[in-house]
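Enquirer: Got final.pdb for you, PDB, C-alpha atoms, pLDDT in the B column:
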```
ATOM      1  CA  MET A 263     102.581 102.548  44.963  1.00 50.00           C
ATOM      2  CA  ASN A 264     103.454 104.800  42.055  1.00 51.00           C
ATOM      3  CA  PRO A 265     107.215 104.372  41.648  1.00 53.00           C
ATOM      4  CA  ASP A 266     107.758 107.957  40.392  1.00 52.00           C
ATOM      5  CA  PRO A 267     106.468 110.435  43.009  1.00 54.00           C
ATOM      6  CA  GLY A 268     108.682 113.344  43.945  1.00 48.00           C
ATOM      7  CA  GLN A 269     109.976 114.038  40.428  1.00 52.00           C
ATOM      8  CA  MET A 270     109.712 117.795  40.934  1.00 54.00           C
ATOM      9  CA  GLY A 271     109.986 120.079  43.922  1.00 67.00           C
ATOM     10  CA  GLU A 272     111.142 119.321  47.427  1.00 86.00           C
ATOM     11  CA  THR A 273     111.934 115.983  48.998  1.00 89.00           C
ATOM     12  CA  MET A 274     108.879 113.797  49.489  1.00 94.00           C
ATOM     13  CA  ARG A 275     109.267 111.964  52.806  1.00 95.00           C
ATOM     14  CA  LEU A 276     107.253 108.782  53.207  1.00 96.00           C
ATOM     15  CA  THR A 277     107.142 106.864  56.479  1.00 96.00           C
ATOM     16  CA  VAL A 278     107.262 103.066  56.410  1.00 95.00           C
ATOM     17  CA  LEU A 279     105.453 101.695  59.463  1.00 94.00           C
ATOM     18  CA  GLN A 280     105.526  98.185  60.956  1.00 92.00           C
ATOM     19  CA  GLY A 281     104.088  95.701  58.497  1.00 90.00           C
ATOM     20  CA  GLN A 282     104.527  97.989  55.490  1.00 93.00           C
ATOM     21  CA  PHE A 283     106.747  98.249  52.446  1.00 95.00           C
ATOM     22  CA  LYS A 284     107.107 101.029  49.884  1.00 97.00           C
ATOM     23  CA  VAL A 285     108.795 101.181  46.472  1.00 97.00           C
ATOM     24  CA  SER A 286     109.842 104.263  44.497  1.00 96.00           C
ATOM     25  CA  ALA A 287     112.022 105.471  41.641  1.00 95.00           C
ATOM     26  CA  GLY A 288     111.433 109.132  42.453  1.00 94.00           C
ATOM     27  CA  PRO A 289     114.777 110.949  42.760  1.00 93.00           C
ATOM     28  CA  ARG A 290     113.410 113.208  45.515  1.00 94.00           C
ATOM     29  CA  VAL A 291     111.639 110.480  47.496  1.00 96.00           C
ATOM     30  CA  GLU A 292     112.986 109.588  50.920  1.00 97.00           C
ATOM     31  CA  LEU A 293     111.608 106.585  52.803  1.00 97.00           C
ATOM     32  CA  ASN A 294     112.045 106.677  56.558  1.00 96.00           C
ATOM     33  CA  THR A 295     111.292 104.612  59.627  1.00 96.00           C
ATOM     34  CA  VAL A 296     112.219 104.223  63.279  1.00 95.00           C
ATOM     35  CA  LEU A 297     113.308 100.801  64.523  1.00 93.00           C
ATOM     36  CA  GLY A 298     113.907  98.996  67.784  1.00 90.00           C
ATOM     37  CA  SER A 299     113.855  95.199  67.555  1.00 90.00           C
ATOM     38  CA  CYS A 300     112.195  95.427  64.128  1.00 91.00           C
ATOM     39  CA  VAL A 301     114.320  95.237  60.986  1.00 94.00           C
ATOM     40  CA  ALA A 302     114.111  97.410  57.884  1.00 96.00           C
ATOM     41  CA  SER A 303     115.444  96.082  54.602  1.00 96.00           C
ATOM     42  CA  CYS A 304     116.388  98.732  52.064  1.00 98.00           C
ATOM     43  CA  LEU A 305     116.747  97.178  48.611  1.00 98.00           C
ATOM     44  CA  TYR A 306     117.706  98.979  45.427  1.00 97.00           C
ATOM     45  CA  ASP A 307     118.594  98.281  41.815  1.00 98.00           C
ATOM     46  CA  PRO A 308     121.355 100.737  40.799  1.00 97.00           C
ATOM     47  CA  VAL A 309     120.693 100.280  37.067  1.00 97.00           C
ATOM     48  CA  ALA A 310     116.904 100.756  37.218  1.00 97.00           C
ATOM     49  CA  GLU A 311     117.380 103.505  39.850  1.00 96.00           C
ATOM     50  CA  LEU A 312     114.554 101.959  41.833  1.00 97.00           C
ATOM     51  CA  GLY A 313     114.362 100.875  45.448  1.00 98.00           C
ATOM     52  CA  GLY A 314     112.158 100.080  48.372  1.00 98.00           C
ATOM     53  CA  MET A 315     112.012  99.586  52.107  1.00 97.00           C
ATOM     54  CA  ASN A 316     110.107  97.227  54.373  1.00 95.00           C
ATOM     55  CA  HIS A 317     109.695  97.194  58.163  1.00 93.00           C
ATOM     56  CA  PHE A 318     109.019  93.874  59.839  1.00 88.00           C
ATOM     57  CA  LEU A 319     108.203  93.094  63.450  1.00 82.00           C
ATOM     58  CA  LEU A 320     109.046  89.374  63.591  1.00 74.00           C
ATOM     59  CA  SER A 321     111.077  87.076  61.370  1.00 65.00           C
ATOM     60  CA  GLU A 322     108.822  84.084  60.709  1.00 67.00           C
ATOM     61  CA  PRO A 323     105.449  82.874  61.973  1.00 57.00           C
ATOM     62  CA  PRO A 324     105.328  80.143  64.628  1.00 58.00           C
ATOM     63  CA  ALA A 325     104.661  76.533  63.617  1.00 60.00           C
ATOM     64  CA  SER A 326     101.025  76.968  64.732  1.00 62.00           C
ATOM     65  CA  HIS A 327     100.484  79.685  62.099  1.00 52.00           C
ATOM     66  CA  THR A 328      97.910  78.677  59.467  1.00 61.00           C
ATOM     67  CA  ARG A 329      99.674  77.861  56.208  1.00 58.00           C
ATOM     68  CA  GLY A 330      98.758  80.313  53.482  1.00 59.00           C
ATOM     69  CA  GLU A 331      97.590  82.926  55.979  1.00 55.00           C
ATOM     70  CA  VAL A 332      99.212  86.290  55.223  1.00 59.00           C
ATOM     71  CA  ASP A 333     100.510  88.297  58.160  1.00 67.00           C
ATOM     72  CA  VAL A 334     102.295  91.539  57.349  1.00 69.00           C
ATOM     73  CA  HIS A 335     104.232  91.539  60.628  1.00 71.00           C
ATOM     74  CA  TYR A 336     106.561  88.769  59.428  1.00 73.00           C
ATOM     75  CA  GLY A 337     109.758  89.332  57.489  1.00 80.00           C
ATOM     76  CA  VAL A 338     109.276  86.215  55.399  1.00 85.00           C
ATOM     77  CA  TYR A 339     106.170  87.823  53.877  1.00 87.00           C
ATOM     78  CA  LEU A 340     107.407  91.419  53.637  1.00 91.00           C
ATOM     79  CA  MET A 341     110.718  90.482  51.996  1.00 93.00           C
ATOM     80  CA  GLU A 342     108.886  88.630  49.216  1.00 92.00           C
ATOM     81  CA  MET A 343     106.361  91.444  48.776  1.00 92.00           C
ATOM     82  CA  LEU A 344     109.092  94.087  48.524  1.00 95.00           C
ATOM     83  CA  ILE A 345     111.110  92.110  45.973  1.00 96.00           C
ATOM     84  CA  ASN A 346     108.055  91.248  43.853  1.00 95.00           C
ATOM     85  CA  GLU A 347     106.872  94.876  43.821  1.00 96.00           C
ATOM     86  CA  MET A 348     110.320  96.061  42.734  1.00 97.00           C
ATOM     87  CA  LEU A 349     110.441  93.444  39.962  1.00 97.00           C
ATOM     88  CA  SER A 350     107.022  94.582  38.719  1.00 97.00           C
ATOM     89  CA  TYR A 351     108.476  98.103  38.217  1.00 96.00           C
ATOM     90  CA  GLY A 352     111.528  96.939  36.278  1.00 96.00           C
ATOM     91  CA  ALA A 353     114.156  95.954  38.845  1.00 97.00           C
ATOM     92  CA  ARG A 354     116.109  92.745  38.268  1.00 97.00           C
ATOM     93  CA  LYS A 355     116.789  90.400  41.147  1.00 97.00           C
ATOM     94  CA  ASP A 356     120.395  89.781  40.098  1.00 97.00           C
ATOM     95  CA  ARG A 357     121.105  93.529  40.436  1.00 98.00           C
ATOM     96  CA  LEU A 358     119.486  94.079  43.832  1.00 98.00           C
ATOM     97  CA  ARG A 359     121.642  95.460  46.635  1.00 98.00           C
ATOM     98  CA  ALA A 360     120.604  95.462  50.295  1.00 97.00           C
ATOM     99  CA  HIS A 361     121.066  97.471  53.458  1.00 98.00           C
ATOM    100  CA  LEU A 362     119.751  96.077  56.785  1.00 97.00           C
ATOM    101  CA  TYR A 363     119.014  98.113  59.915  1.00 97.00           C
ATOM    102  CA  GLY A 364     117.514  97.548  63.367  1.00 95.00           C
ATOM    103  CA  GLY A 365     117.393  94.255  65.210  1.00 92.00           C
ATOM    104  CA  ALA A 366     118.177  95.804  68.602  1.00 92.00           C
ATOM    105  CA  ASN A 367     117.436  94.042  71.873  1.00 89.00           C
ATOM    106  CA  ILE A 368     115.858  97.059  73.532  1.00 80.00           C
ATOM    107  CA  ARG A 369     114.664  95.561  76.819  1.00 76.00           C
ATOM    108  CA  ALA A 370     116.936  93.471  79.009  1.00 69.00           C
ATOM    109  CA  GLY A 371     115.511  90.140  80.124  1.00 65.00           C
ATOM    110  CA  MET A 372     113.140  89.755  77.180  1.00 64.00           C
ATOM    111  CA  GLN A 373     113.493  87.311  74.330  1.00 69.00           C
ATOM    112  CA  ARG A 374     116.172  88.289  71.863  1.00 84.00           C
ATOM    113  CA  ILE A 375     113.664  89.183  69.157  1.00 87.00           C
ATOM    114  CA  GLY A 376     115.997  91.732  67.588  1.00 90.00           C
ATOM    115  CA  THR A 377     118.769  89.155  67.220  1.00 92.00           C
ATOM    116  CA  ALA A 378     116.354  86.660  65.634  1.00 91.00           C
ATOM    117  CA  ASN A 379     115.106  89.323  63.201  1.00 91.00           C
ATOM    118  CA  ALA A 380     118.652  90.279  62.176  1.00 94.00           C
ATOM    119  CA  GLU A 381     119.684  86.639  61.670  1.00 95.00           C
ATOM    120  CA  PHE A 382     116.584  85.989  59.576  1.00 92.00           C
ATOM    121  CA  ALA A 383     117.201  89.033  57.343  1.00 95.00           C
ATOM    122  CA  ARG A 384     120.857  88.152  56.695  1.00 96.00           C
ATOM    123  CA  GLY A 385     119.941  84.512  56.000  1.00 95.00           C
ATOM    124  CA  PHE A 386     117.160  85.530  53.623  1.00 95.00           C
ATOM    125  CA  LEU A 387     119.566  87.639  51.565  1.00 97.00           C
ATOM    126  CA  VAL A 388     122.080  84.782  51.387  1.00 97.00           C
ATOM    127  CA  ARG A 389     119.385  82.300  50.262  1.00 96.00           C
ATOM    128  CA  GLU A 390     118.073  84.737  47.641  1.00 97.00           C
ATOM    129  CA  ARG A 391     121.597  85.689  46.479  1.00 97.00           C
ATOM    130  CA  ILE A 392     121.064  89.397  47.151  1.00 98.00           C
ATOM    131  CA  GLU A 393     124.254  91.287  47.971  1.00 98.00           C
ATOM    132  CA  LEU A 394     124.343  92.861  51.437  1.00 98.00           C
ATOM    133  CA  VAL A 395     126.348  96.073  51.069  1.00 97.00           C
ATOM    134  CA  LYS A 396     125.710  97.670  54.475  1.00 97.00           C
ATOM    135  CA  GLN A 397     124.245  96.715  57.818  1.00 96.00           C
ATOM    136  CA  ASP A 398     123.740  98.300  61.218  1.00 96.00           C
ATOM    137  CA  LEU A 399     122.106  95.570  63.294  1.00 95.00           C
ATOM    138  CA  GLY A 400     121.932  94.622  66.962  1.00 92.00           C
ATOM    139  CA  GLY A 401     122.875  96.570  70.042  1.00 91.00           C
ATOM    140  CA  THR A 402     120.365  98.050  72.455  1.00 90.00           C
ATOM    141  CA  GLY A 403     119.457 101.401  70.890  1.00 90.00           C
ATOM    142  CA  ALA A 404     116.695 102.472  68.538  1.00 93.00           C
ATOM    143  CA  ARG A 405     117.553 103.760  65.070  1.00 94.00           C
ATOM    144  CA  ARG A 406     116.072 106.160  62.542  1.00 95.00           C
ATOM    145  CA  VAL A 407     116.651 105.228  58.902  1.00 96.00           C
ATOM    146  CA  ASP A 408     116.308 107.606  55.937  1.00 97.00           C
ATOM    147  CA  PHE A 409     116.603 105.896  52.535  1.00 97.00           C
ATOM    148  CA  ARG A 410     116.737 107.406  49.044  1.00 97.00           C
ATOM    149  CA  PRO A 411     115.440 104.458  46.987  1.00 97.00           C
ATOM    150  CA  ALA A 412     116.413 105.786  43.542  1.00 95.00           C
ATOM    151  CA  SER A 413     120.083 106.149  44.516  1.00 95.00           C
ATOM    152  CA  GLY A 414     120.443 103.591  47.305  1.00 96.00           C
ATOM    153  CA  LEU A 415     121.781 106.235  49.716  1.00 96.00           C
ATOM    154  CA  VAL A 416     120.992 105.621  53.388  1.00 96.00           C
ATOM    155  CA  ARG A 417     121.458 107.560  56.605  1.00 96.00           C
ATOM    156  CA  CYS A 418     121.045 105.646  59.874  1.00 95.00           C
ATOM    157  CA  ARG A 419     121.150 107.382  63.255  1.00 94.00           C
ATOM    158  CA  THR A 420     120.715 106.258  66.833  1.00 90.00           C
ATOM    159  CA  VAL A 421     117.725 108.176  68.180  1.00 85.00           C
ATOM    160  CA  ALA A 422     117.918 107.599  71.948  1.00 69.00           C
ATOM    161  CA  ALA A 423     119.278 105.324  74.623  1.00 58.00           C
ATOM    162  CA  SER A 424     116.902 102.534  75.614  1.00 45.00           C
ATOM    163  CA  ALA A 425     116.524 103.957  79.106  1.00 43.00           C
ATOM    164  CA  ALA A 426     115.229 107.199  77.615  1.00 44.00           C
ATOM    165  CA  LEU A 427     112.776 105.263  75.452  1.00 47.00           C
ATOM    166  CA  ASP A 428     111.543 103.300  78.470  1.00 49.00           C
ATOM    167  CA  ALA A 429     111.004 106.521  80.418  1.00 45.00           C
ATOM    168  CA  ALA A 430     109.139 108.096  77.529  1.00 46.00           C
ATOM    169  CA  ILE A 431     106.559 105.306  77.358  1.00 49.00           C
ATOM    170  CA  GLN A 432     105.859 104.868  81.069  1.00 50.00           C
ATOM    171  CA  PRO A 433     102.299 105.816  82.041  1.00 53.00           C
ATOM    172  CA  ALA A 434     101.876 108.746  84.372  1.00 51.00           C
ATOM    173  CA  ALA A 435     101.454 107.912  88.050  1.00 49.00           C
ATOM    174  CA  PRO A 436      97.812 108.084  89.164  1.00 53.00           C
ATOM    175  CA  LEU A 437      96.833 111.136  91.169  1.00 50.00           C
ATOM    176  CA  ALA A 438      95.953 110.660  94.820  1.00 50.00           C
ATOM    177  CA  ALA A 439      92.324 111.218  95.844  1.00 50.00           C
ATOM    178  CA  ALA A 440      93.302 114.432  97.660  1.00 50.00           C
ATOM    179  CA  GLN A 441      94.887 115.813  94.483  1.00 47.00           C
ATOM    180  CA  LEU A 442      91.770 114.977  92.497  1.00 46.00           C
ATOM    181  CA  ALA A 443      89.551 116.743  95.026  1.00 49.00           C
ATOM    182  CA  GLN A 444      91.704 119.879  94.833  1.00 49.00           C
ATOM    183  CA  ARG A 445      91.316 119.967  91.067  1.00 47.00           C
ATOM    184  CA  GLY A 446      87.526 119.747  91.281  1.00 49.00           C
ATOM    185  CA  GLU A 447      87.382 116.302  89.697  1.00 49.00           C
ATOM    186  CA  VAL A 448      84.175 114.308  89.924  1.00 47.00           C
ATOM    187  CA  GLU A 449      84.410 110.926  91.619  1.00 48.00           C
ATOM    188  CA  LEU A 450      82.388 108.205  89.909  1.00 45.00           C
ATOM    189  CA  PHE A 451      81.163 105.174  91.860  1.00 42.00           C
TER
END
```
Take the structure in the file and write it out as structure tokens.
Expert:
Amino acid sequence: MNPDPGQMGETMRLTVLQGQFKVSAGPRVELNTVLGSCVASCLYDPVAELGGMNHFLLSEPPASHTRGEVDVHYGVYLMEMLINEMLSYGARKDRLRAHLYGGANIRAGMQRIGTANAEFARGFLVRERIELVKQDLGGTGARRVDFRPASGLVRCRTVAASAALDAAIQPAAPLAAAQLAQRGEVELF
């Protein structure tokens, strides 16, 4: 990605989806994402005025994963890709600062994927000696993150209670045969 978009004019908003990362030095660029159990790492170099965000679904691949196989859903891959891309544009690893967001356990009774993602991200930063300056991890609610990579400024908001999210994604109840007949629907057999 060109690290300098958004130099002139209004804010350029770029969405970072699951399995993606983006890097920019543009002063008007804002990277954003919405997270549940996923984690977003926002890294920036305050001297180079350069930053980036990733969005990973799972922390590390299972033992059965083929060695050398790249899978963009894993944090272990996306963290390295984000750091390497930032270094290629002039950031220095010893100056990197990090913000971590997400890692919620949205659905009760399911594996604690969000917790595992958050623990992985914090551990990765410790191993790589990258300073963690802010985090909003865990809980049960989804978050929206807006990150200004050139300045390192972040806004994180809770977007909805998990119950509201569950209701929003439930499929509609099927219509009864009598309702279909009233609407003039064709029955296929």
Enquirer: Here's the selection I'm unsure about, the PyMOL selection byres ((chain A and resi 313) around 9); applied to the file above, which residues does it give, as a list in words?
Expert: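 This file gives the following for the PyMOL selection byres ((chain A and resi 313) around 9): Pro265, Lys284, Val285, Ser286, Ala287, Cys304, Leu305, Tyr306, Asp307, Pro308, Ala310, Glu311, Leu312, Gly314, Met315, Met348, Ala353, Leu358, Phe409, Arg410, Pro411, Ala412, Ser413 and Gly414 of chain A.
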Enquirer: For A:Met274, which of A:Arg359, A:Arg417, A:Arg290, A:Arg384 is the closest residue, counting all atoms listed in the file?
Expert: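 Using all atoms listed in the file, A:Met274 sits closest to A:Arg290.
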Enquirer: Measuring atom to atom with only C-alpha atoms, identify which of A:Thr295, A:Asn346, A:Gln397, A:Thr273 is nearest to A:Ala360.
Expert: A:Gln397
Enquirer: Work out how far apart atom CA of A:Leu394 and atom CA of A:Ile375 are and give it in Å to one decimal.
Expert: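 Separating atom CA of A:Leu394 from atom CA of A:Ile375 is a distance of 21.0 Å.
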Enquirer: Need to verify the contact set: stretch 361-363 of chain A, 12 Å, all atoms listed in the file, exclusion of same-chain residues closer than 5 positions in sequence. Can you return it as number ranges by chain?
Expert: A: 294-307, 313-318, 341, 376-377, 379-387, 392-401, 403-411, 414-420
Enquirer: Between A:Ala378, A:Val291, A:Arg275, A:Glu347, which is the closest to A:Leu319 once you count only C-alpha atoms?
Expert: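 Selected residue with least distance to A:Leu319: A:Ala378.
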Enquirer: For a test of reading the model, state the distance in Å between atom CA of A:Arg369 and atom CA of A:Tyr339, rounded to one decimal.
Expert: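 Result for atom CA of A:Arg369 versus atom CA of A:Tyr339: 25.7 Å, one decimal.
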Enquirer: Quick one: pull the distance between atom CA of A:Arg389 and atom CA of A:Gly364, Å, one decimal.
Expert: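 Going from atom CA of A:Arg389 over to atom CA of A:Gly364 covers 20.2 Å.
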Enquirer: May I ask which of the residues A:Tyr351, A:Arg374, A:Asn367, A:Glu390 is the closest one to A:Val338, counting all atoms listed in the file?
Expert: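 Nearest to A:Val338: A:Glu390.
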Enquirer: Around stretch 396-412 of chain A, fit a box with edges along x, y and z, padding it by 5 Å on each side, then list its centre and edge lengths in Å to one decimal as JSON.
Expert:
```
{"center_x": 120.6, "center_y": 101.1, "center_z": 58.0, "size_x": 20.3, "size_y": 23.0, "size_z": 38.9}
```
Enquirer: Calculated over only C-alpha atoms, which of the candidates A:Thr277, A:Arg391, A:Thr402, A:Met343 has the smallest distance to A:Ala366?
Expert: A:Thr402
